[in-house]
$ cat input.cif   # mmCIF, C-alpha atoms
data_input
loop_
_atom_site.label_atom_id
_atom_site.label_comp_id
_atom_site.auth_asym_id
_atom_site.auth_seq_id
_atom_site.Cartn_x
_atom_site.Cartn_y
_atom_site.Cartn_z
CA MET A 1 -79.32 10.52 -71.70
CA ARG A 2 -80.16 7.84 -74.26
CA SER A 3 -77.98 5.29 -72.44
CA ARG A 4 -79.77 6.02 -69.17
CA PHE A 5 -83.17 5.55 -70.83
CA GLN A 6 -81.89 2.27 -72.25
CA PHE A 7 -80.71 1.17 -68.81
CA VAL A 8 -84.18 1.84 -67.39
CA ASP A 9 -85.76 -0.11 -70.23
CA ASP A 10 -83.37 -3.04 -69.79
CA HIS A 11 -84.13 -3.33 -66.06
CA ARG A 12 -87.83 -2.34 -65.90
CA ASP A 13 -88.91 -5.94 -65.25
CA ALA A 14 -86.64 -6.23 -62.21
CA PHE A 15 -87.24 -2.79 -60.65
CA GLU A 16 -89.90 -0.12 -60.66
CA VAL A 17 -89.53 2.39 -63.49
CA LYS A 18 -90.19 5.19 -61.02
CA ARG A 19 -87.34 4.07 -58.76
CA LEU A 20 -84.94 3.55 -61.68
CA CYS A 21 -85.67 7.04 -62.96
CA GLN A 22 -85.08 8.52 -59.51
CA VAL A 23 -81.74 6.78 -59.12
CA LEU A 24 -80.57 7.75 -62.60
CA GLU A 25 -82.01 11.27 -62.29
CA VAL A 26 -84.08 11.13 -65.44
CA ASN A 27 -87.61 12.36 -65.99
CA ARG A 28 -90.10 9.50 -66.04
CA SER A 29 -92.33 11.13 -68.67
CA SER A 30 -89.27 11.66 -70.87
CA TYR A 31 -88.43 7.97 -70.55
CA TYR A 32 -91.94 6.94 -71.64
CA LYS A 33 -91.74 9.38 -74.54
CA TRP A 34 -88.40 7.85 -75.55
CA ARG A 35 -89.87 4.34 -75.26
CA ALA A 36 -92.91 5.26 -77.37
CA SER A 37 -90.69 6.51 -80.19
CA ARG A 38 -88.63 3.32 -80.48
CA GLU A 39 -90.26 2.17 -83.71
CA ALA A 40 -89.74 5.54 -85.34
CA ARG A 41 -86.08 5.54 -84.29
CA ALA A 42 -85.62 2.02 -85.61
CA ALA A 43 -87.17 3.03 -88.92
CA ARG A 44 -84.80 6.03 -89.13
CA ARG A 45 -81.83 3.77 -88.42
CA ARG A 46 -82.87 1.44 -91.22
CA ASP A 47 -83.26 4.41 -93.58
CA ASP A 48 -79.84 5.70 -92.52
CA GLN A 49 -78.28 2.28 -93.14
CA ARG A 50 -79.73 2.18 -96.66
CA LEU A 51 -78.53 5.73 -97.29
CA ALA A 52 -75.07 4.86 -95.92
CA ALA A 53 -74.86 1.97 -98.39
CA LYS A 54 -75.60 4.34 -101.30
CA ILE A 55 -73.11 6.89 -99.95
CA ARG A 56 -70.41 4.21 -99.72
CA GLU A 57 -71.12 3.29 -103.35
CA ILE A 58 -70.72 6.92 -104.47
CA ASN A 59 -67.67 7.31 -102.22
CA ALA A 60 -66.06 4.27 -103.87
CA GLU A 61 -66.87 5.54 -107.37
CA SER A 62 -65.16 8.85 -106.54
CA GLY A 63 -62.08 7.11 -105.18
CA GLY A 64 -62.97 8.17 -101.64
CA ALA A 65 -62.92 11.82 -102.70
CA TYR A 66 -66.45 13.15 -102.30
CA GLY A 67 -67.53 14.96 -99.15
CA SER A 68 -71.14 15.60 -98.19
CA PRO A 69 -71.84 18.42 -100.74
CA ARG A 70 -70.81 16.33 -103.78
CA VAL A 71 -72.39 13.17 -102.39
CA THR A 72 -75.65 15.09 -101.89
CA ALA A 73 -75.55 16.38 -105.46
CA GLU A 74 -74.93 12.86 -106.77
CA LEU A 75 -77.80 11.41 -104.71
CA GLN A 76 -80.16 14.13 -105.91
CA ASP A 77 -79.17 13.39 -109.51
CA ARG A 78 -80.17 9.80 -108.76
CA SER A 79 -83.65 11.04 -107.79
CA MET A 80 -83.14 10.77 -104.04
CA ASN A 81 -84.77 13.53 -101.98
CA VAL A 82 -82.07 14.10 -99.38
CA ASN A 83 -80.38 17.22 -98.00
CA GLU A 84 -76.73 17.84 -97.24
CA LYS A 85 -77.28 18.06 -93.48
CA ARG A 86 -78.56 14.48 -93.35
CA VAL A 87 -75.84 13.20 -95.67
CA ASP A 88 -73.20 14.83 -93.49
CA ARG A 89 -74.71 13.27 -90.35
CA VAL A 90 -74.85 9.79 -91.89
CA MET A 91 -71.29 10.07 -93.19
CA ARG A 92 -70.05 11.01 -89.71
CA THR A 93 -72.11 8.29 -88.06
CA TYR A 94 -70.83 5.57 -90.39
CA ALA A 95 -67.28 6.99 -90.62
CA ILE A 96 -67.39 7.57 -94.38
CA THR A 97 -64.59 10.06 -94.95
CA GLY A 98 -61.86 11.09 -97.36
CA ILE A 99 -58.13 10.88 -96.73
CA ARG A 100 -55.86 13.82 -95.91
CA LEU A 101 -52.40 14.53 -97.26
CA ARG A 102 -49.42 13.88 -95.01
CA ARG A 103 -46.60 16.09 -96.21
CA ARG A 104 -45.63 18.99 -98.43
CA VAL A 105 -42.63 19.79 -100.60
CA ARG A 106 -41.75 23.34 -101.56
CA THR A 107 -42.17 23.91 -105.31
CA THR A 108 -42.37 27.72 -105.43
CA VAL A 109 -38.85 29.16 -105.57
CA PRO A 110 -38.99 32.93 -106.11
CA ASP A 111 -36.96 34.37 -108.95
CA PRO A 112 -34.20 36.48 -107.35
CA ALA A 113 -34.70 39.20 -109.96
CA PRO A 114 -38.18 38.82 -111.45
CA SER A 115 -39.66 41.27 -113.91
CA PRO A 116 -42.46 43.24 -112.19
CA VAL A 117 -45.81 41.62 -112.99
CA PRO A 118 -49.00 43.04 -111.42
CA ASP A 119 -51.63 41.01 -109.59
CA LEU A 120 -54.64 41.38 -111.89
CA TYR A 121 -56.80 38.90 -109.97
CA GLU A 122 -56.50 40.08 -106.36
CA ARG A 123 -57.72 36.64 -105.21
CA ASP A 124 -60.75 36.70 -107.51
CA PHE A 125 -60.54 33.30 -109.21
CA THR A 126 -63.90 33.59 -110.98
CA ALA A 127 -64.74 34.46 -114.58
CA ALA A 128 -67.93 35.29 -116.46
CA GLU A 129 -66.92 33.31 -119.55
CA PRO A 130 -64.60 30.41 -120.33
CA GLY A 131 -61.30 31.29 -121.98
CA ARG A 132 -60.83 34.67 -120.30
CA LYS A 133 -58.94 33.95 -117.08
CA TYR A 134 -56.53 31.10 -116.43
CA MET A 135 -54.39 30.12 -113.46
CA GLY A 136 -51.45 27.77 -113.08
CA ASP A 137 -49.19 26.17 -110.51
CA ILE A 138 -46.69 23.35 -109.93
CA THR A 139 -46.95 20.49 -107.45
CA TYR A 140 -44.72 17.55 -106.53
CA LEU A 141 -45.61 13.86 -106.98
CA PRO A 142 -43.62 11.60 -104.59
CA LEU A 143 -42.15 8.32 -105.89
CA ALA A 144 -41.15 5.19 -103.95
CA ASP A 145 -37.40 5.73 -104.36
CA GLY A 146 -37.51 9.18 -102.75
CA ARG A 147 -37.48 11.11 -106.02
CA PHE A 148 -40.31 13.26 -107.37
CA LEU A 149 -42.16 13.95 -110.57
CA TYR A 150 -43.54 17.45 -110.99
CA LEU A 151 -46.94 18.40 -112.38
CA ALA A 152 -47.75 21.80 -113.89
CA THR A 153 -51.40 22.60 -114.63
CA VAL A 154 -53.43 25.34 -116.28
CA LEU A 155 -57.03 25.78 -115.08
CA ASP A 156 -59.81 27.89 -116.55
CA CYS A 157 -61.19 30.13 -113.79
CA PHE A 158 -64.73 29.91 -115.22
CA SER A 159 -65.24 26.17 -114.87
CA ARG A 160 -62.01 25.08 -113.13
CA LYS A 161 -61.42 22.80 -116.12
CA VAL A 162 -57.86 21.54 -116.58
CA VAL A 163 -57.06 22.79 -120.07
CA GLY A 164 -53.30 22.17 -119.92
CA TRP A 165 -50.90 20.02 -117.94
CA SER A 166 -47.39 18.60 -118.05
CA ILE A 167 -45.46 16.04 -115.96
CA ALA A 168 -41.66 15.81 -115.84
CA ASP A 169 -38.84 14.75 -113.53
CA TYR A 170 -37.51 18.33 -113.50
CA ILE A 171 -38.90 21.67 -112.40
CA ARG A 172 -37.65 23.97 -115.16
CA THR A 173 -39.41 26.53 -117.35
CA ASP A 174 -40.12 23.87 -119.99
CA LEU A 175 -42.51 22.22 -117.52
CA VAL A 176 -44.83 25.23 -117.22
CA ALA A 177 -44.36 26.18 -120.87
CA ASP A 178 -45.57 22.76 -122.03
CA ALA A 179 -48.67 23.06 -119.85
CA LEU A 180 -49.49 26.50 -121.31
CA LEU A 181 -48.93 25.27 -124.87
CA MET A 182 -51.33 22.37 -124.24
CA ALA A 183 -53.89 24.90 -122.97
CA ALA A 184 -53.49 26.86 -126.19
CA ARG A 185 -54.14 23.70 -128.22
CA THR A 186 -57.13 22.74 -126.07
CA ARG A 187 -58.77 26.14 -126.40
CA GLY A 188 -57.71 26.81 -129.98
CA GLY A 189 -55.62 29.76 -128.81
CA LEU A 190 -55.27 31.95 -125.74
CA GLU A 191 -55.22 35.39 -127.34
CA GLY A 192 -56.64 38.11 -125.10
CA SER A 193 -56.71 35.98 -121.96
CA VAL A 194 -54.94 36.49 -118.62
CA PHE A 195 -52.77 33.85 -116.94
CA HIS A 196 -52.17 34.04 -113.18
CA SER A 197 -49.41 32.26 -111.23
CA ASP A 198 -47.24 32.58 -108.16
CA HIS A 199 -43.72 34.07 -108.23
CA GLY A 200 -41.93 30.80 -108.95
CA ALA A 201 -38.77 31.20 -110.99
CA GLN A 202 -40.28 29.17 -113.84
CA TYR A 203 -43.19 31.60 -114.27
CA GLY A 204 -40.94 34.63 -113.82
CA SER A 205 -38.38 33.55 -116.42
CA ARG A 206 -37.76 35.45 -119.63
CA ALA A 207 -38.54 32.32 -121.64
CA PHE A 208 -42.02 32.00 -120.12
CA ALA A 209 -42.65 35.74 -120.52
CA GLY A 210 -41.69 35.39 -124.17
CA LEU A 211 -44.08 32.47 -124.65
CA CYS A 212 -46.93 34.49 -123.13
CA ASP A 213 -46.14 37.35 -125.49
CA GLN A 214 -46.12 34.92 -128.41
CA LEU A 215 -49.52 33.52 -127.38
CA LYS A 216 -50.80 37.07 -126.67
CA VAL A 217 -51.49 36.22 -123.03
CA THR A 218 -51.30 38.84 -120.28
CA ARG A 219 -49.44 37.68 -117.17
CA SER A 220 -50.63 38.17 -113.59
CA MET A 221 -48.78 37.21 -110.39
CA GLY A 222 -49.73 37.15 -106.72
CA ALA A 223 -47.60 38.59 -103.93
CA VAL A 224 -44.28 36.93 -103.12
CA GLY A 225 -44.68 34.32 -100.40
CA SER A 226 -48.50 34.50 -100.28
CA SER A 227 -50.14 31.14 -101.01
CA ALA A 228 -53.60 32.75 -100.72
CA ASP A 229 -52.92 34.67 -103.94
CA ASN A 230 -52.97 31.36 -105.83
CA ALA A 231 -55.20 29.42 -103.44
CA ALA A 232 -57.52 27.92 -106.07
CA CYS A 233 -54.65 26.11 -107.78
CA GLU A 234 -53.21 24.91 -104.49
CA SER A 235 -56.62 23.55 -103.49
CA PHE A 236 -56.88 21.75 -106.83
CA HIS A 237 -53.50 20.08 -106.39
CA ALA A 238 -54.33 19.12 -102.81
CA SER A 239 -57.49 17.36 -104.05
CA LEU A 240 -55.58 15.61 -106.82
CA LYS A 241 -52.99 14.15 -104.44
CA ARG A 242 -55.50 13.28 -101.75
CA GLU A 243 -57.67 11.38 -104.21
CA THR A 244 -54.88 9.67 -106.16
CA LEU A 245 -52.62 8.78 -103.23
CA GLN A 246 -55.53 7.75 -100.98
CA GLY A 247 -53.37 7.77 -97.88
CA ALA A 248 -50.27 6.21 -99.46
CA ARG A 249 -46.91 7.94 -99.07
CA ASP A 250 -45.97 7.71 -102.75
CA TYR A 251 -47.12 6.65 -106.20
CA GLY A 252 -44.60 3.86 -106.63
CA ASP A 253 -42.80 4.06 -109.98
CA PRO A 254 -42.99 6.92 -112.52
CA ALA A 255 -45.23 5.03 -114.97
CA THR A 256 -47.81 4.27 -112.29
CA CYS A 257 -47.70 7.89 -111.17
CA ARG A 258 -48.28 9.24 -114.67
CA ASN A 259 -51.12 6.80 -115.38
CA ARG A 260 -52.89 7.51 -112.11
CA VAL A 261 -52.65 11.27 -112.50
CA PHE A 262 -53.77 11.16 -116.15
CA ALA A 263 -56.80 9.03 -115.23
CA TRP A 264 -57.72 11.44 -112.43
CA LEU A 265 -57.39 14.53 -114.63
CA THR A 266 -59.63 12.91 -117.24
CA ARG A 267 -62.26 12.02 -114.65
CA TYR A 268 -61.94 15.47 -113.06
CA ASN A 269 -62.92 17.22 -116.31
CA THR A 270 -65.60 14.77 -117.39
CA ARG A 271 -67.20 13.31 -114.27
CA ARG A 272 -65.97 14.71 -110.96
CA ARG A 273 -68.39 17.19 -109.43
CA HIS A 274 -66.95 20.61 -108.63
CA SER A 275 -68.34 22.76 -105.81
CA ALA A 276 -67.27 26.02 -107.51
CA CYS A 277 -69.57 25.12 -110.42
CA GLY A 278 -72.55 24.15 -108.29
CA HIS A 279 -71.53 20.46 -108.52
CA PRO A 280 -71.60 19.51 -112.19
CA SER A 281 -68.27 18.51 -113.74
CA PRO A 282 -66.22 21.25 -115.47
CA ASN A 283 -67.11 19.92 -118.94
CA GLU A 284 -70.81 19.76 -118.08
CA TYR A 285 -70.71 23.26 -116.59
CA GLU A 286 -69.22 24.66 -119.80
CA ARG A 287 -71.72 22.69 -121.91
CA ARG A 288 -74.64 24.20 -119.98
CA HIS A 289 -73.14 27.68 -120.31
CA HIS A 290 -72.82 27.36 -124.09
CA ALA A 291 -76.36 25.90 -124.35
CA THR A 292 -77.75 28.85 -122.40
CA LYS A 293 -75.96 31.32 -124.64
CA LEU A 294 -77.35 29.63 -127.75
CA THR A 295 -80.86 29.69 -126.29
CA LEU A 296 -80.63 33.39 -125.46
CA ALA A 297 -79.26 34.16 -128.91
CA ALA A 298 -82.06 32.26 -130.71
#

$ encode --input "input.cif" --output "structure tokens"
Amino acid sequence: MRSRFQFVDDHRDAFEVKRLCQVLEVNRSSYYKWRASREARAARRRDDQRLAAKIREINAESGGAYGSPRVTAELQDRSMNVNEKRVDRVMRTYAITGIRLRRRVRTTVPDPAPSPVPDLYERDFTAAEPGRKYMGDITYLPLADGRFLYLATVLDCFSRKVVGWSIADYIRTDLVADALLMAARTRGGLEGSVFHSDHGAQYGSRAFAGLCDQLKVTRSMGAVGSSADNAACESFHASLKRETLQGARDYGDPATCRNRVFAWLTRYNTRRRHSACGHPSPNEYERRHHATKLTLAA
């Protein structure tokens, strides 16, 4: 309809507006209403262009990672009165988008004879306090020569903070054990907490079970073959690779891969806004939680 109104406007000096509207089957009063609102539309376009420039700036700062919810939160923190619906519209109009992953590699290999471990989460990846519920998983990191590095992470369900991680060129029990040990150091111990994983052989091994017993951690596992039972970790790893690869097929060499992933994990905890937390970073979310507890206790 807009293009037809524009055609009428472009040719109104050569032909009668009434006749043009009849030929194009548009309402003449609607055309005049459209014409009268040109200045308002132009002003909105200028506002959208300025907003798009700010969105591109935030998009670049996030490594092309932020969608409309996080961009909106960032703009509001910068004292801009804007809602998510408008941000989403401007991002679509100006083609400001993230980059999707291209391929997957299987990292979950079920233990052929695992010890029975119950699912204590039942897809509830939330927690009322930090340090109570953790979750972990392994993902692959493709290199230029066709090989892979593997990343194991431990996330706190309360804030989604990465409290432990390990990268290696193998996918053995040591990989997930190192990540859990780092989590224990980060939190000053894991006693009394629950750790949830999939049924990968590394998590089902006797060595990992022994480490959990040593750290006084209760194990939880989702159903065999069900990615939804560890969906929060899979979503985290998908975001990590999307934002660090940025459309590339691989990380290049191992050193570049490690550096890029380490930088992202650091920014994730300290700066990257997380939707599950209402858009502050995991560190900020935990800081606010502890500040609220202190206020209530005073």

$ resolve_selection --input "input.cif" --expression "the PyMOL selection byres ((chain A and resi 69) around 9)" --output "JSON, numbers by chain"
{"A": [66, 67, 68, 70, 71, 72, 73, 74, 84, 87, 88, 275, 279]}

$ closest_residue --input "input.cif" --among "A:Arg132, A:Arg219, A:Lys85, A:Lys161" --to "Pro118 in chain A" --atoms "only C-alpha atoms"
A:Arg219

$ closest_residue --input "input.cif" --among "A:Asp48, A:Glu284, A:Asp169, A:Glu25" --to "Val90 in chain A" --atoms "only C-alpha atoms"
A:Asp48

$ atom_distance --input "input.cif" --atom1 "CA of Ile96 in chain A" --atom2 "CA of Leu265 in chain A"
23.6 Å

$ residues_around --input "input.cif" --residues "Ser62 in chain A" --least-positions-apart "5" --cutoff "12 Å" --atoms "all atoms listed in the file" --output "list of chain:residue names"
A:Ile55, A:Arg56, A:Glu57, A:Gly67, A:Arg70, A:Val71, A:Glu74, A:Thr97, A:Gly98, A:Ser239, A:Leu240, A:Arg242, A:Glu243, A:Thr244, A:Gln246, A:Trp264, A:Arg267, A:Tyr268, A:Arg271, A:Arg272, A:Arg273

$ resolve_selection --input "input.cif" --expression "the PyMOL selection byres ((chain A and resi 251) around 12)" --output "JSON, numbers by chain"
{"A": [140, 141, 142, 143, 144, 145, 146, 147, 148, 149, 241, 242, 243, 244, 245, 246, 247, 248, 249, 250, 252, 253, 254, 255, 256, 257, 258, 259, 260, 261]}

$ atom_distance --input "input.cif" --atom1 "CA of Thr295 in chain A" --atom2 "CA of Gly189 in chain A"
25.4 Å

$ resolve_selection --input "input.cif" --expression "the PyMOL selection byres ((chain A and resi 235) around 12)" --output "list in words"
Leu101, Phe125, Gly136, Asp137, Ile138, Thr139, Leu155, Arg160, Ser227, Ala228, Asp229, Asn230, Ala231, Ala232, Cys233, Glu234, Phe236, His237, Ala238, Ser239, Leu240, Lys241, Arg242, His274, Ser275 and Ala276 of chain A

$ atom_distance --input "input.cif" --atom1 "CA of Ala183 in chain A" --atom2 "CA of Ala297 in chain A"
27.7 Å

$ closest_residue --input "input.cif" --among "A:Ser166, A:Thr126, A:Ser159, A:Thr186" --to "Tyr285 in chain A" --atoms "only C-alpha atoms"
A:Ser159
